[in-house]
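Below: the structure, in structure tokens.
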Amino acid sequence: MSLKILSNKSNLQVLYEDNHIIIVNKRPGDIVQGDKTRDKPLSEIVKEYIAEKYNKPGAVYLGVVHRLDRPTSGIVVFARTSKALPRLNKLFANKEAQKTYWAVVKNKPPRGKDTLTHWLKRNPKQNKSYAHKNEVPDSKKAILDYTLIKKLDNYYLLEIDLHTGRHHQIRSQLSSIGCVIKGDLKYGADRSNKNGSIHLHARKLTFIHPVKKEQLNIIAPPPSDPVWDDCL
């Protein structure tokens, strides 16, 4: 089952919704869940959307299943019922959801297609993960596949399939092979993007619906800017 955008109201781009789940296309800069910044999180925006659309007078239930980094855009899944949340949590924990990302990088990767395996060690104070070729204390194994899918005027578009879900995994692993994501100052970019985003986008998600048991293939368009537009 392949799906298109259902709604684009109130700066919320809904890719799929039913009684059990809602899937949205996160804008760069949005936080998925509330944090110390006290900025309005995406979860609250989705709750307001549901309350308005379905005229719900009371509190709206919404479960956060997974997150994306604040400067990243793309697919985020929320549970609309307490029945769906643990099933979605288990599905993501068991790596039964196939995640595909797009990343725009400045330098051409060493190979057109490759599997990267590193050991990532997180530094909480810096909110950064460091990629090591060999295991080090407190590190976690990280694996991804990348494919060079397009040469842009000044950049390269990579498609990435994750085998593990580590903190800043794509950003750290690509940086370690000299392919820093456009705008990602934390991992070595020369300059930031004007809006504080990075050119990393959760492009596609495929999984079996936790209640309906049918396959969902969700595709999210990237944000509109000259570089992303050139990728399409």
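In the structure tokens, the first chain shown is A, the next is B, and so on; residue numbers restart at 1 for each chain, and ligands run from 1 in the order shown.
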
Residues within 12 Å of His118 (chain A), only C-alpha atoms, excluding chain neighbours under 4 positions, as a list in words: Ser129, Tyr130, Ala131, His132, Lys133, Asn134, Glu135, Val136, Ser139, Lys140, Lys141, Ala142, Ile143, Leu144, Asp145, His163, Thr164, Arg166, Gln169, Ile170, Ser172, Gln173, Leu174, Ser175, Ser176 and Ile177 of chain A

Using C-alpha atoms, can you write the selected residues to a file as a CSV table (one decimal), in the first residue's frame?
```
chain,number,residue,atom,x,y,z
A,129,SER,CA,28.7,10.6,18.5
A,130,TYR,CA,32.2,9.6,17.4
A,131,ALA,CA,32.8,6.8,14.9
A,132,HIS,CA,35.6,4.3,15.5
A,133,LYS,CA,36.8,1.5,13.2
A,134,ASN,CA,37.2,-0.9,16.2
A,135,GLU,CA,35.2,-1.4,19.3
A,136,VAL,CA,36.0,0.9,22.2
A,139,SER,CA,30.6,2.0,22.1
A,140,LYS,CA,27.8,0.5,20.1
A,141,LYS,CA,28.0,-1.2,16.7
A,142,ALA,CA,26.5,0.9,13.8
A,143,ILE,CA,25.8,-0.4,10.3
A,144,LEU,CA,24.3,1.3,7.3
A,145,ASP,CA,24.2,0.9,3.5
A,163,HIS,CA,20.6,-1.6,9.9
A,164,THR,CA,20.9,-0.1,13.4
A,166,ARG,CA,22.2,4.8,16.9
A,169,GLN,CA,24.4,7.4,13.3
A,170,ILE,CA,24.2,8.7,9.7
A,172,SER,CA,28.7,10.5,12.3
A,173,GLN,CA,29.4,7.6,9.9
A,174,LEU,CA,29.2,9.7,6.7
A,175,SER,CA,31.5,12.3,8.3
A,176,SER,CA,34.0,9.6,9.1
A,177,ILE,CA,34.4,8.8,5.4
```

Would you return as an NGL selection string the members of region 21-145 of chain A that DSSP assigns to strand (DSSP E or B) on this structure's backbone? :A and (21-26 or 63-64 or 73-79 or 98-105 or 113-123 or 128-132 or 140-145)

Emit the selected residues as an mmCIF file, in the first residue's frame, including C-alpha atoms.
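Now in again_8.cif:
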```
data_model
loop_
_atom_site.group_PDB
_atom_site.id
_atom_site.type_symbol
_atom_site.label_atom_id
_atom_site.label_comp_id
_atom_site.auth_asym_id
_atom_site.auth_seq_id
_atom_site.Cartn_x
_atom_site.Cartn_y
_atom_site.Cartn_z
ATOM 1 C CA ILE A 21 -1.594 5.761 13.862
ATOM 2 C CA ILE A 22 -0.713 9.091 12.287
ATOM 3 C CA ILE A 23 2.405 9.682 10.200
ATOM 4 C CA VAL A 24 3.688 13.170 9.452
ATOM 5 C CA ASN A 25 6.500 14.814 7.511
ATOM 6 C CA LYS A 26 8.587 16.708 10.073
ATOM 7 C CA GLY A 63 2.209 8.137 21.764
ATOM 8 C CA VAL A 64 5.716 9.053 20.578
ATOM 9 C CA SER A 73 13.327 16.436 8.226
ATOM 10 C CA GLY A 74 11.104 13.550 7.239
ATOM 11 C CA ILE A 75 8.848 10.754 8.410
ATOM 12 C CA VAL A 76 7.736 10.536 12.032
ATOM 13 C CA VAL A 77 5.198 7.983 13.302
ATOM 14 C CA PHE A 78 2.873 8.543 16.264
ATOM 15 C CA ALA A 79 0.431 6.134 17.908
ATOM 16 C CA GLN A 98 12.712 -0.413 7.038
ATOM 17 C CA LYS A 99 14.003 3.180 7.130
ATOM 18 C CA THR A 100 15.500 4.904 4.098
ATOM 19 C CA TYR A 101 17.118 8.331 4.279
ATOM 20 C CA TRP A 102 18.400 10.859 1.789
ATOM 21 C CA ALA A 103 21.545 12.834 2.556
ATOM 22 C CA VAL A 104 23.120 15.610 0.511
ATOM 23 C CA VAL A 105 26.905 15.657 0.940
ATOM 24 C CA LYS A 113 27.692 1.815 -3.088
ATOM 25 C CA ASP A 114 28.995 0.464 0.197
ATOM 26 C CA THR A 115 28.229 -0.830 3.683
ATOM 27 C CA LEU A 116 29.678 1.156 6.570
ATOM 28 C CA THR A 117 30.373 -0.512 9.913
ATOM 29 C CA HIS A 118 31.628 1.508 12.868
ATOM 30 C CA TRP A 119 31.545 1.541 16.631
ATOM 31 C CA LEU A 120 29.859 4.739 17.824
ATOM 32 C CA LYS A 121 30.627 6.292 21.183
ATOM 33 C CA ARG A 122 28.330 9.047 22.374
ATOM 34 C CA ASN A 123 29.533 12.136 24.201
ATOM 35 C CA LYS A 128 27.754 14.082 19.531
ATOM 36 C CA SER A 129 28.744 10.551 18.542
ATOM 37 C CA TYR A 130 32.230 9.582 17.429
ATOM 38 C CA ALA A 131 32.777 6.776 14.895
ATOM 39 C CA HIS A 132 35.566 4.278 15.544
ATOM 40 C CA LYS A 140 27.751 0.522 20.053
ATOM 41 C CA LYS A 141 27.994 -1.159 16.673
ATOM 42 C CA ALA A 142 26.498 0.868 13.825
ATOM 43 C CA ILE A 143 25.806 -0.405 10.303
ATOM 44 C CA LEU A 144 24.338 1.328 7.277
ATOM 45 C CA ASP A 145 24.250 0.898 3.504
#
```

Work out how far CA of Thr72 (chain A) is from CA of Glu96 (chain A), in Å to one decimal. 22.1 Å

Here CA of Val14 (chain A) and CA of Val46 (chain A) stand apart by 9.1 Å

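When CA of Leu216 (chain A) is paired with CA of Lys56 (chain A), their separation reads 26.8 Å.
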
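Of the residues in region 81-186 of chain A, those that DSSP places in helix (DSSP H, G or I) on the basis of the backbone are A:Ala84, A:Leu85, A:Pro86, A:Arg87, A:Leu88, A:Asn89, A:Lys90, A:Leu91, A:Phe92, A:Ala93, A:Gln169, A:Ile170, A:Arg171, A:Ser172, A:Gln173, A:Leu174, A:Ser175, A:Ser176, A:Leu185, A:Lys186.
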
Give me the residues within 9 Å of Thr147 (chain A) as a count of residues only, counting only C-alpha atoms and dropping any in the same chain fewer than 3 places off. 9

Identify, on the basis of only C-alpha atoms, every residue whose closest approach to Tyr155 (chain A) does not exceed 9 Å; exclude the query and any residue fewer than 4 positions from it along the same chain; express the result as a PyMOL selection string. chain A and resi 104-108+150-151+182+227
